[in-house]
$ cat model_0.cif   # mmCIF, C-alpha atoms
data_entry
loop_
_atom_site.group_PDB
_atom_site.id
_atom_site.type_symbol
_atom_site.label_atom_id
_atom_site.label_comp_id
_atom_site.auth_asym_id
_atom_site.auth_seq_id
_atom_site.Cartn_x
_atom_site.Cartn_y
_atom_site.Cartn_z
ATOM 1 C CA MET M 1 0.000 0.000 0.000
ATOM 2 C CA GLN M 2 1.430 3.325 -0.903
ATOM 3 C CA GLU M 3 -1.037 5.559 0.901
ATOM 4 C CA ILE M 4 -2.734 5.554 4.266
ATOM 5 C CA SER M 5 -6.025 6.179 2.446
ATOM 6 C CA LEU M 6 -5.733 2.756 0.821
ATOM 7 C CA ASN M 7 -5.162 1.125 4.202
ATOM 8 C CA ILE M 8 -8.322 2.834 5.407
ATOM 9 C CA LEU M 9 -10.271 1.473 2.436
ATOM 10 C CA ASP M 10 -8.919 -1.974 3.167
ATOM 11 C CA LEU M 11 -9.700 -1.963 6.893
ATOM 12 C CA ALA M 12 -13.179 -0.570 6.260
ATOM 13 C CA GLN M 13 -13.811 -3.621 4.050
ATOM 14 C CA ASN M 14 -13.136 -5.772 7.110
ATOM 15 C CA SER M 15 -15.752 -3.818 9.013
ATOM 16 C CA ILE M 16 -18.212 -4.332 6.200
ATOM 17 C CA SER M 17 -17.521 -8.084 6.118
ATOM 18 C CA ALA M 18 -18.151 -8.141 9.850
ATOM 19 C CA GLY M 19 -21.650 -6.901 9.196
ATOM 20 C CA ALA M 20 -21.170 -3.387 10.506
ATOM 21 C CA THR M 21 -23.940 -0.884 9.889
ATOM 22 C CA LEU M 22 -21.996 2.131 11.136
ATOM 23 C CA ILE M 23 -18.340 2.734 10.364
ATOM 24 C CA GLU M 24 -16.560 5.728 11.833
ATOM 25 C CA ILE M 25 -13.330 6.860 10.256
ATOM 26 C CA SER M 26 -11.137 9.645 11.496
ATOM 27 C CA VAL M 27 -7.927 11.203 10.231
ATOM 28 C CA GLU M 28 -6.560 13.740 12.668
ATOM 29 C CA GLU M 29 -3.342 15.699 12.598
ATOM 30 C CA ASN M 30 -2.060 16.926 15.928
ATOM 31 C CA LEU M 31 0.545 19.511 15.011
ATOM 32 C CA ASP M 32 1.702 20.201 18.566
ATOM 33 C CA GLU M 33 2.512 16.613 19.341
ATOM 34 C CA ASP M 34 3.507 15.728 15.779
ATOM 35 C CA ILE M 35 1.108 12.810 15.608
ATOM 36 C CA LEU M 36 -1.236 11.699 12.838
ATOM 37 C CA THR M 37 -4.014 9.507 14.202
ATOM 38 C CA VAL M 38 -6.103 7.291 11.956
ATOM 39 C CA THR M 39 -8.982 5.348 13.481
ATOM 40 C CA ILE M 40 -11.607 3.001 12.116
ATOM 41 C CA LYS M 41 -14.392 1.991 14.430
ATOM 42 C CA ASP M 42 -17.290 -0.277 13.577
ATOM 43 C CA ASN M 43 -20.324 -1.905 15.155
ATOM 44 C CA GLY M 44 -19.841 -5.218 13.414
ATOM 45 C CA SER M 45 -19.655 -8.702 14.846
ATOM 46 C CA GLY M 46 -16.373 -8.135 16.682
ATOM 47 C CA MET M 47 -13.679 -10.679 17.483
ATOM 48 C CA SER M 48 -12.998 -13.088 20.295
ATOM 49 C CA PRO M 49 -9.888 -12.538 22.457
ATOM 50 C CA ASP M 50 -8.125 -15.310 20.499
ATOM 51 C CA GLN M 51 -8.965 -13.743 17.153
ATOM 52 C CA LEU M 52 -7.905 -10.348 18.468
ATOM 53 C CA CYS M 53 -4.472 -11.743 19.311
ATOM 54 C CA ALA M 54 -4.134 -13.431 15.944
ATOM 55 C CA VAL M 55 -5.350 -10.590 13.754
ATOM 56 C CA THR M 56 -1.960 -8.884 13.549
ATOM 57 C CA ASP M 57 -0.362 -12.127 12.417
ATOM 58 C CA PRO M 58 -0.016 -12.019 8.632
ATOM 59 C CA PHE M 59 -0.640 -15.738 8.472
ATOM 60 C CA TYR M 60 -4.025 -15.476 10.142
ATOM 61 C CA THR M 61 -7.065 -14.838 7.998
ATOM 62 C CA THR M 62 -10.747 -15.689 7.878
ATOM 63 C CA ARG M 63 -10.847 -15.904 4.129
ATOM 64 C CA THR M 64 -10.673 -19.254 2.428
ATOM 65 C CA THR M 65 -9.035 -18.293 -0.850
ATOM 66 C CA ARG M 66 -5.570 -17.621 0.556
ATOM 67 C CA LYS M 67 -3.560 -18.338 3.701
ATOM 68 C CA VAL M 68 -2.478 -14.771 4.425
ATOM 69 C CA GLY M 69 -4.320 -11.752 5.737
ATOM 70 C CA LEU M 70 -2.146 -8.725 5.264
ATOM 71 C CA GLY M 71 -4.442 -5.757 5.793
ATOM 72 C CA VAL M 72 -4.082 -5.329 9.545
ATOM 73 C CA PRO M 73 -0.377 -6.310 9.683
ATOM 74 C CA PHE M 74 0.388 -3.791 6.906
ATOM 75 C CA PHE M 75 -1.354 -0.980 8.733
ATOM 76 C CA LYS M 76 0.414 -1.832 11.989
ATOM 77 C CA MET M 77 3.761 -1.910 10.210
ATOM 78 C CA ALA M 78 3.142 1.436 8.543
ATOM 79 C CA ALA M 79 2.332 3.064 11.870
ATOM 80 C CA GLU M 80 5.299 1.595 13.687
ATOM 81 C CA MET M 81 7.707 2.330 10.832
ATOM 82 C CA SER M 82 6.928 6.002 11.153
ATOM 83 C CA GLY M 83 7.744 6.009 14.828
ATOM 84 C CA GLY M 84 4.136 5.577 15.855
ATOM 85 C CA SER M 85 2.008 2.906 17.441
ATOM 86 C CA PHE M 86 -0.901 0.618 16.727
ATOM 87 C CA GLU M 87 -3.857 -0.418 18.800
ATOM 88 C CA ILE M 88 -6.762 -2.720 18.112
ATOM 89 C CA ASP M 89 -9.643 -3.654 20.359
ATOM 90 C CA SER M 90 -12.715 -5.731 19.783
ATOM 91 C CA LYS M 91 -15.680 -7.278 21.604
ATOM 92 C CA ILE M 92 -17.935 -9.913 20.145
ATOM 93 C CA GLY M 93 -21.326 -8.469 19.459
ATOM 94 C CA LEU M 94 -20.113 -4.890 19.858
ATOM 95 C CA GLY M 95 -17.546 -4.227 17.185
ATOM 96 C CA THR M 96 -13.945 -3.408 16.512
ATOM 97 C CA TYR M 97 -11.739 -0.364 16.943
ATOM 98 C CA VAL M 98 -8.471 0.071 15.083
ATOM 99 C CA CYS M 99 -6.149 2.980 15.774
ATOM 100 C CA GLY M 100 -2.860 3.797 14.090
ATOM 101 C CA ALA M 101 -0.726 6.664 15.339
ATOM 102 C CA PHE M 102 1.887 7.906 12.878
ATOM 103 C CA GLY M 103 4.807 10.284 13.307
ATOM 104 C CA LEU M 104 3.367 13.262 11.390
ATOM 105 C CA THR M 105 6.668 14.730 10.183
ATOM 106 C CA ASN M 106 8.578 11.477 10.283
ATOM 107 C CA ILE M 107 10.340 10.905 6.981
ATOM 108 C CA ASP M 108 9.212 7.299 6.956
ATOM 109 C CA ARG M 109 5.539 8.078 7.259
ATOM 110 C CA MET M 110 3.676 7.130 4.110
ATOM 111 C CA PRO M 111 1.508 9.867 2.573
ATOM 112 C CA ILE M 112 -2.066 10.208 3.774
ATOM 113 C CA GLY M 113 -3.219 10.024 0.174
ATOM 114 C CA ASP M 114 -6.712 10.615 -1.089
ATOM 115 C CA VAL M 115 -8.984 9.763 1.835
ATOM 116 C CA ASN M 116 -11.885 11.544 0.157
ATOM 117 C CA SER M 117 -11.716 9.053 -2.685
ATOM 118 C CA THR M 118 -11.732 6.224 -0.167
ATOM 119 C CA VAL M 119 -14.786 7.637 1.618
ATOM 120 C CA ALA M 120 -16.646 8.287 -1.654
ATOM 121 C CA THR M 121 -15.866 4.758 -2.880
ATOM 122 C CA LEU M 122 -17.094 3.255 0.390
ATOM 123 C CA VAL M 123 -20.352 5.194 0.267
ATOM 124 C CA TYR M 124 -20.885 4.422 -3.421
ATOM 125 C CA CYS M 125 -20.439 0.671 -2.973
ATOM 126 C CA ASN M 126 -22.356 0.426 0.284
ATOM 127 C CA PRO M 127 -25.208 2.894 0.093
ATOM 128 C CA GLU M 128 -27.169 1.062 2.747
ATOM 129 C CA LEU M 129 -24.436 1.458 5.391
ATOM 130 C CA ASP M 130 -23.654 4.547 7.412
ATOM 131 C CA PHE M 131 -20.270 6.190 7.499
ATOM 132 C CA VAL M 132 -18.991 9.017 9.643
ATOM 133 C CA TYR M 133 -15.787 10.677 8.531
ATOM 134 C CA LYS M 134 -13.920 13.166 10.664
ATOM 135 C CA ARG M 135 -10.948 15.031 9.323
ATOM 136 C CA SER M 136 -8.949 17.459 11.365
ATOM 137 C CA ARG M 137 -5.687 19.335 11.367
ATOM 138 C CA GLY M 138 -4.836 21.275 14.484
ATOM 139 C CA VAL M 139 -7.975 23.146 15.450
ATOM 140 C CA ARG M 140 -9.635 22.951 12.049
ATOM 141 C CA SER M 141 -11.927 20.063 11.338
ATOM 142 C CA PHE M 142 -14.869 18.915 9.307
ATOM 143 C CA ASN M 143 -17.300 16.031 9.501
ATOM 144 C CA PHE M 144 -19.250 14.038 6.987
ATOM 145 C CA ASP M 145 -22.059 11.869 8.314
ATOM 146 C CA THR M 146 -24.118 9.811 5.887
ATOM 147 C CA ARG M 147 -26.933 9.704 8.431
ATOM 148 C CA GLU M 148 -27.420 13.446 8.021
ATOM 149 C CA ALA M 149 -27.440 13.140 4.249
ATOM 150 C CA ARG M 150 -29.856 10.223 4.443
ATOM 151 C CA ALA M 151 -32.232 12.203 6.633
ATOM 152 C CA VAL M 152 -32.489 14.874 3.943
ATOM 153 C CA LEU M 153 -32.536 12.512 0.963
ATOM 154 C CA GLY M 154 -35.344 10.259 2.142
ATOM 155 C CA ASP M 155 -35.802 7.579 -0.500
ATOM 156 C CA VAL M 156 -33.126 8.793 -2.860
ATOM 157 C CA PRO M 157 -30.187 6.394 -2.568
ATOM 158 C CA LEU M 158 -26.782 7.677 -1.464
ATOM 159 C CA ASN M 159 -25.164 6.321 -4.584
ATOM 160 C CA ALA M 160 -27.336 8.226 -7.040
ATOM 161 C CA ASN M 161 -25.033 10.051 -9.460
ATOM 162 C CA GLU M 162 -25.845 13.542 -8.320
ATOM 163 C CA VAL M 163 -25.631 12.623 -4.676
ATOM 164 C CA ILE M 164 -22.191 11.084 -5.067
ATOM 165 C CA LEU M 165 -21.095 14.173 -6.940
ATOM 166 C CA TRP M 166 -22.349 16.338 -4.065
ATOM 167 C CA ILE M 167 -20.547 14.119 -1.563
ATOM 168 C CA LYS M 168 -17.278 14.357 -3.481
ATOM 169 C CA GLU M 169 -17.520 18.134 -3.658
ATOM 170 C CA PHE M 170 -18.471 18.404 0.005
ATOM 171 C CA LEU M 171 -15.466 16.292 1.004
ATOM 172 C CA SER M 172 -13.193 18.254 -1.285
ATOM 173 C CA GLU M 173 -14.270 21.581 0.187
ATOM 174 C CA GLY M 174 -13.856 20.230 3.683
ATOM 175 C CA GLU M 175 -10.352 19.017 2.946
ATOM 176 C CA LYS M 176 -9.365 22.410 1.508
ATOM 177 C CA GLU M 177 -10.668 24.181 4.592
ATOM 178 C CA VAL M 178 -8.820 21.898 6.941
ATOM 179 C CA ALA M 179 -5.560 21.435 5.113
ATOM 180 C CA GLY M 180 -5.239 24.955 3.736
ATOM 181 C CA GLY M 181 -2.566 26.587 5.835
ATOM 182 C CA MET T 1 -20.223 26.059 -0.013
ATOM 183 C CA LYS T 2 -21.923 22.710 -0.195
ATOM 184 C CA THR T 3 -24.911 22.555 2.062
ATOM 185 C CA LEU T 4 -27.466 19.970 3.064
ATOM 186 C CA ALA T 5 -30.075 22.214 1.462
ATOM 187 C CA GLU T 6 -28.570 21.318 -1.913
ATOM 188 C CA LEU T 7 -29.161 17.664 -1.100
ATOM 189 C CA ALA T 8 -32.797 18.499 -0.509
ATOM 190 C CA GLU T 9 -32.921 20.013 -3.996
ATOM 191 C CA ILE T 10 -31.365 16.892 -5.477
ATOM 192 C CA ARG T 11 -33.949 14.795 -3.686
ATOM 193 C CA ASP T 12 -36.825 16.872 -5.035
ATOM 194 C CA LYS T 13 -35.460 16.721 -8.548
ATOM 195 C CA MET T 14 -34.987 12.973 -8.449
ATOM 196 C CA GLN T 15 -38.295 12.125 -6.883
ATOM 197 C CA SER T 16 -40.101 13.798 -9.723
ATOM 198 C CA LYS T 17 -38.370 11.492 -12.194
ATOM 199 C CA ILE T 18 -39.815 8.329 -10.641
ATOM 200 C CA ASN T 19 -36.944 6.065 -11.532
ATOM 201 C CA ILE T 20 -37.622 2.459 -10.791
ATOM 202 C CA ARG T 21 -34.172 1.040 -11.373
ATOM 203 C CA GLU T 22 -34.214 -1.422 -8.508
ATOM 204 C CA ASN T 23 -32.434 -4.584 -9.671
ATOM 205 C CA SER T 24 -34.423 -5.281 -12.784
ATOM 206 C CA GLY T 25 -33.945 -8.877 -13.893
ATOM 207 C CA ASP T 26 -31.693 -8.052 -16.822
ATOM 208 C CA SER T 27 -29.220 -6.040 -14.833
ATOM 209 C CA ILE T 28 -25.508 -6.421 -15.601
ATOM 210 C CA ARG T 29 -23.294 -6.635 -12.532
ATOM 211 C CA VAL T 30 -19.731 -5.376 -12.734
ATOM 212 C CA VAL T 31 -17.769 -6.554 -9.715
ATOM 213 C CA VAL T 32 -14.375 -5.117 -8.740
ATOM 214 C CA GLY T 33 -12.112 -7.067 -6.369
ATOM 215 C CA MET T 34 -11.452 -4.843 -3.321
ATOM 216 C CA ALA T 35 -9.524 -6.950 -0.855
ATOM 217 C CA THR T 36 -6.032 -6.014 0.319
ATOM 218 C CA CYS T 37 -4.568 -7.522 -2.858
ATOM 219 C CA GLY T 38 -6.916 -5.590 -5.110
ATOM 220 C CA ILE T 39 -6.519 -2.279 -3.308
ATOM 221 C CA ALA T 40 -2.728 -2.557 -3.249
ATOM 222 C CA ALA T 41 -2.725 -3.377 -6.967
ATOM 223 C CA GLY T 42 -4.801 -0.301 -7.821
ATOM 224 C CA ALA T 43 -8.472 -1.294 -7.758
ATOM 225 C CA ARG T 44 -9.744 2.026 -6.430
ATOM 226 C CA PRO T 45 -8.973 4.053 -9.584
ATOM 227 C CA VAL T 46 -10.397 1.200 -11.697
ATOM 228 C CA LEU T 47 -13.658 1.273 -9.761
ATOM 229 C CA ASN T 48 -13.850 5.066 -9.881
ATOM 230 C CA CYS T 49 -13.225 5.038 -13.599
ATOM 231 C CA LEU T 50 -15.902 2.385 -14.212
ATOM 232 C CA VAL T 51 -18.421 4.383 -12.203
ATOM 233 C CA GLU T 52 -17.588 7.626 -13.989
ATOM 234 C CA GLU T 53 -17.666 6.112 -17.464
ATOM 235 C CA VAL T 54 -20.950 4.279 -16.850
ATOM 236 C CA SER T 55 -22.409 7.519 -15.568
ATOM 237 C CA LYS T 56 -20.994 9.585 -18.436
ATOM 238 C CA ARG T 57 -22.292 7.203 -21.107
ATOM 239 C CA GLU T 58 -25.571 6.866 -19.200
ATOM 240 C CA VAL T 59 -25.409 3.091 -19.537
ATOM 241 C CA LYS T 60 -28.598 1.642 -18.173
ATOM 242 C CA ASN T 61 -29.003 -1.586 -16.225
ATOM 243 C CA VAL T 62 -25.431 -1.727 -15.018
ATOM 244 C CA MET T 63 -24.537 -1.978 -11.350
ATOM 245 C CA VAL T 64 -20.906 -1.489 -10.313
ATOM 246 C CA THR T 65 -20.064 -3.095 -7.013
ATOM 247 C CA GLN T 66 -17.175 -4.567 -5.051
ATOM 248 C CA THR T 67 -16.167 -7.881 -3.594
ATOM 249 C CA GLY T 68 -13.437 -9.365 -1.431
ATOM 250 C CA CYS T 69 -10.583 -11.653 -2.422
ATOM 251 C CA ILE T 70 -11.412 -13.611 -5.537
ATOM 252 C CA GLY T 71 -8.430 -15.937 -5.142
ATOM 253 C CA ILE T 72 -6.295 -14.864 -8.109
ATOM 254 C CA CYS T 73 -4.336 -12.184 -6.292
ATOM 255 C CA GLN T 74 -1.465 -12.096 -8.759
ATOM 256 C CA TYR T 75 -3.888 -10.913 -11.437
ATOM 257 C CA GLU T 76 -5.435 -8.079 -9.453
ATOM 258 C CA PRO T 77 -7.031 -5.626 -10.140
ATOM 259 C CA VAL T 78 -9.777 -7.990 -11.281
ATOM 260 C CA VAL T 79 -13.150 -7.015 -12.719
ATOM 261 C CA GLU T 80 -15.856 -9.622 -13.264
ATOM 262 C CA VAL T 81 -18.863 -8.988 -15.473
ATOM 263 C CA TYR T 82 -22.021 -10.969 -14.753
ATOM 264 C CA GLU T 83 -24.729 -10.808 -17.361
ATOM 265 C CA PRO T 84 -27.842 -12.949 -16.903
ATOM 266 C CA GLY T 85 -27.898 -15.714 -19.514
ATOM 267 C CA LYS T 86 -24.234 -15.278 -20.431
ATOM 268 C CA GLU T 87 -20.985 -16.713 -19.112
ATOM 269 C CA LYS T 88 -19.123 -14.688 -16.523
ATOM 270 C CA VAL T 89 -16.255 -12.661 -17.988
ATOM 271 C CA THR T 90 -13.157 -12.138 -15.848
ATOM 272 C CA TYR T 91 -10.914 -9.232 -16.728
ATOM 273 C CA VAL T 92 -7.494 -9.171 -15.069
ATOM 274 C CA LYS T 93 -4.627 -6.735 -14.515
ATOM 275 C CA MET T 94 -7.056 -3.902 -14.962
ATOM 276 C CA THR T 95 -6.222 -0.236 -15.202
ATOM 277 C CA ALA T 96 -8.362 2.869 -15.466
ATOM 278 C CA GLU T 97 -7.710 3.070 -19.235
ATOM 279 C CA LYS T 98 -8.748 -0.551 -19.767
ATOM 280 C CA ALA T 99 -11.869 0.124 -17.720
ATOM 281 C CA VAL T 100 -12.951 2.836 -20.160
ATOM 282 C CA ARG T 101 -12.608 0.405 -23.044
ATOM 283 C CA ILE T 102 -14.558 -2.280 -21.204
ATOM 284 C CA VAL T 103 -17.458 0.068 -20.593
ATOM 285 C CA ASN T 104 -17.559 1.131 -24.228
ATOM 286 C CA ASP T 105 -16.856 -2.170 -25.975
ATOM 287 C CA HIS T 106 -18.405 -4.680 -23.611
ATOM 288 C CA LEU T 107 -21.117 -2.891 -21.642
ATOM 289 C CA VAL T 108 -22.377 -0.553 -24.354
ATOM 290 C CA ASN T 109 -21.721 -2.590 -27.511
ATOM 291 C CA GLY T 110 -21.782 -6.113 -26.110
ATOM 292 C CA ASN T 111 -18.317 -7.096 -27.378
ATOM 293 C CA VAL T 112 -16.141 -8.825 -24.799
ATOM 294 C CA VAL T 113 -12.600 -7.430 -24.808
ATOM 295 C CA ASN T 114 -10.841 -10.779 -25.071
ATOM 296 C CA GLU T 115 -7.277 -9.560 -24.702
ATOM 297 C CA TYR T 116 -7.971 -8.328 -21.168
ATOM 298 C CA THR T 117 -9.594 -11.531 -19.980
ATOM 299 C CA ILE T 118 -7.950 -14.111 -17.766
ATOM 300 C CA GLY T 119 -8.074 -16.601 -20.606
ATOM 301 C CA ALA T 120 -5.837 -14.425 -22.730
ATOM 302 C CA VAL T 121 -3.480 -13.296 -19.969
ATOM 303 C CA ALA T 122 -2.914 -16.597 -18.175
ATOM 304 C CA LYS T 123 -0.966 -18.873 -20.477
#
$ encode --input "model_0.cif" --output "structure tokens"
Amino acid sequence: MQEISLNILDLAQNSISAGATLIEISVEENLDEDILTVTIKDNGSGMSPDQLCAVTDPFYTTRTTRKVGLGVPFFKMAAEMSGGSFEIDSKIGLGTYVCGAFGLTNIDRMPIGDVNSTVATLVYCNPELDFVYKRSRGVRSFNFDTREARAVLGDVPLNANEVILWIKEFLSEGEKEVAGG
Amino acid sequence: MKTLAELAEIRDKMQSKINIRENSGDSIRVVVGMATCGIAAGARPVLNCLVEEVSKREVKNVMVTQTGCIGICQYEPVVEVYEPGKEKVTYVKMTAEKAVRIVNDHLVNGNVVNEYTIGAVAK
């Protein structure tokens, strides 16, 4: 993976496979402490303590087509390589929480990449699920919550062409506001 | 400034069109592999491109969606096309440019792009 945004897309897929109906993603830059925090939280089926221990093992996977599961190990490696840390917690029946802390200015931190594209792709492919995306840098932040959009849209699906276009523009404006300066 | 009020306008506009597109029986499904292997190989731009091209050409009865690991990771990004009554077509080593061609040749005109299929690529 070359960008953190791709890791986010990948981990969100896990949440979706776990039957989550609400997935909360956050990308927050703390300039004072030089930390970039990326979290993915879901209300899916969760994992048992044994699974939780095994999930960071690249040779542990629930899929049947291959013997490796690299998503979580890759994300953990990326965080630790940049001088950061990784945390994952899960409870059966409640959901899973993944948190990667990256050294913001560390030369070995991979680029954040296009998180907006990741969020738009997730919404487009899973219009029946809810996503909350929080993006912040220092004191500036913006939120996108599909539940708010859904409340306004009523029956119109979230992946209707014009809606997706609106979402992309909304995310793009938000990113400019947050990351500008 | 994008506002939720604009979403309300979109809703009003769309409701007056009464589109009943819900999974009609002859719907073509285009499935993009989006597991770790697919994403690392570049599936996101392929999916975005498929969605944009389908929207631009206003191709009807096509649903673009995603799936997990298909099992042929070395050939990712993989795009499978399911058309009722026809054999599944598996396109491998996809790129955004190839996606454009697939929409135009296969989805619009009905001609499978053989050189991008797994049959042609896997010797």
$ closest_residue --input "model_0.cif" --among "M:Ala20, M:Ala149, M:Leu129, M:Ala78" --to "Ile8 in chain M" --atoms "all atoms listed in the file"
M:Ala78
$ interface_residues --input "model_0.cif" --of "chain M" --to "chain T" --cutoff "8 Å" --atoms "all atoms listed in the file" --output "list in words"
Met1, Gln2, Leu6, Leu9, Asp10, Gln13, Arg63, Thr65, Arg66, Leu70, Gly71, Thr118, Thr121, Cys125, Ala149, Val152, Leu153, Gly154, Val156, Asn161, Glu162, Val163, Trp166, Glu169, Phe170 and Glu173 of chain M
$ atom_distance --input "model_0.cif" --atom1 "CA of Ala101 in chain M" --atom2 "CA of Gly84 in chain M"
5.0 Å
$ atom_distance --input "model_0.cif" --atom1 "CA of Thr62 in chain M" --atom2 "CA of Val79 in chain T"
22.5 Å
$ closest_residue --input "model_0.cif" --among "M:Glu33, M:Glu175, M:Val132, M:Met81" --to "Gly113 in chain M" --atoms "all atoms listed in the file"
M:Glu175
$ atom_distance --input "model_0.cif" --atom1 "CA of Asn126 in chain M" --atom2 "CA of Val98 in chain M"
20.3 Å
$ residues_around --input "model_0.cif" --residues "Glu83 in chain T" --least-positions-apart "4" --cutoff "8 Å" --atoms "all atoms listed in the file" --output "list in words"
Asp26, Ser27, Ile28, Arg29, Glu87 and Lys88 of chain T
$ resolve_selection --input "model_0.cif" --expression "the PyMOL selection byres ((chain M and resi 177) around 10)" --output "list in words"
Ser136, Arg137, Arg140, Ser141, Phe142, Leu171, Ser172, Glu173, Gly174, Glu175, Lys176, Val178, Ala179, Gly180 and Gly181 of chain M
$ residues_around --input "model_0.cif" --residues "Val139 in chain M" --least-positions-apart "5" --cutoff "10 Å" --atoms "only C-alpha atoms" --output "ChimeraX atom specification"
/M:28-31,178
$ write_last_selection --input "model_0.cif" --atoms "C-alpha atoms" --output "PDB file, in the coordinates of the input"
ATOM      1  CA  GLU M  28      -6.560  13.740  12.668  1.00  0.00           C
ATOM      2  CA  GLU M  29      -3.342  15.699  12.598  1.00  0.00           C
ATOM      3  CA  ASN M  30      -2.060  16.926  15.928  1.00  0.00           C
ATOM      4  CA  LEU M  31       0.545  19.511  15.011  1.00  0.00           C
ATOM      5  CA  VAL M 178      -8.820  21.898   6.941  1.00  0.00           C
TER       6      VAL M 178
END
$ resolve_selection --input "model_0.cif" --expression "the PyMOL selection byres ((chain M and resi 41) around 9)" --output "list in words"
Ala12, Ser15, Leu22, Ile23, Glu24, Ile25, Ser26, Thr39, Ile40, Asp42, Asn43, Gly95, Thr96, Tyr97, Val98 and Cys99 of chain M
$ residues_near_point --input "model_0.cif" --point "(-7.0, -10.8, -12.1)" --cutoff "7 Å" --atoms "only C-alpha atoms" --output "tab-separated table (two decimals) with C-alpha atoms, in the frame of the given file"
chain	number	residue	atom	x	y	z
T	72	ILE	CA	-6.30	-14.86	-8.11
T	73	CYS	CA	-4.34	-12.18	-6.29
T	74	GLN	CA	-1.46	-12.10	-8.76
T	75	TYR	CA	-3.89	-10.91	-11.44
T	76	GLU	CA	-5.44	-8.08	-9.45
T	77	PRO	CA	-7.03	-5.63	-10.14
T	78	VAL	CA	-9.78	-7.99	-11.28
T	91	TYR	CA	-10.91	-9.23	-16.73
T	92	VAL	CA	-7.49	-9.17	-15.07
T	93	LYS	CA	-4.63	-6.74	-14.52
T	118	ILE	CA	-7.95	-14.11	-17.77
$ resolve_selection --input "model_0.cif" --expression "the PyMOL selection byres ((chain T and resi 97) around 10)" --output "ChimeraX atom specification"
/T:45-46,49-50,94-96,98-102
$ decode --input "model_0.cif" --residues "range 18-31 of chain M" --atoms "N, CA and C atoms" --output "CSV table (one decimal), in the first residue's frame"
chain,number,residue,atom,x,y,z
M,18,ALA,N,-17.7,-7.8,8.5
M,18,ALA,CA,-18.2,-8.1,9.8
M,18,ALA,C,-19.6,-7.7,10.1
M,19,GLY,N,-20.2,-7.2,9.1
M,19,GLY,CA,-21.7,-6.9,9.2
M,19,GLY,C,-21.9,-5.6,9.9
M,20,ALA,N,-21.0,-4.7,9.8
M,20,ALA,CA,-21.2,-3.4,10.5
M,20,ALA,C,-22.2,-2.6,9.8
M,21,THR,N,-23.0,-1.8,10.5
M,21,THR,CA,-23.9,-0.9,9.9
M,21,THR,C,-23.5,0.6,10.0
M,22,LEU,N,-22.5,0.8,10.9
M,22,LEU,CA,-22.0,2.1,11.1
M,22,LEU,C,-20.5,2.0,11.2
M,23,ILE,N,-19.8,2.8,10.4
M,23,ILE,CA,-18.3,2.7,10.4
M,23,ILE,C,-17.8,4.2,10.5
M,24,GLU,N,-17.1,4.4,11.6
M,24,GLU,CA,-16.6,5.7,11.8
M,24,GLU,C,-15.1,5.8,11.6
M,25,ILE,N,-14.7,6.7,10.7
M,25,ILE,CA,-13.3,6.9,10.3
M,25,ILE,C,-12.8,8.2,10.7
M,26,SER,N,-11.6,8.3,11.2
M,26,SER,CA,-11.1,9.6,11.5
M,26,SER,C,-9.7,9.7,11.1
M,27,VAL,N,-9.3,10.9,10.6
M,27,VAL,CA,-7.9,11.2,10.2
M,27,VAL,C,-7.6,12.5,10.9
M,28,GLU,N,-6.8,12.5,11.9
M,28,GLU,CA,-6.6,13.7,12.7
M,28,GLU,C,-5.1,14.1,12.8
M,29,GLU,N,-4.7,15.3,12.5
M,29,GLU,CA,-3.3,15.7,12.6
M,29,GLU,C,-3.2,16.6,13.8
M,30,ASN,N,-2.3,16.1,14.7
M,30,ASN,CA,-2.1,16.9,15.9
M,30,ASN,C,-0.7,17.6,15.7
M,31,LEU,N,-0.7,18.9,15.4
M,31,LEU,CA,0.5,19.5,15.0
M,31,LEU,C,1.5,19.7,16.2
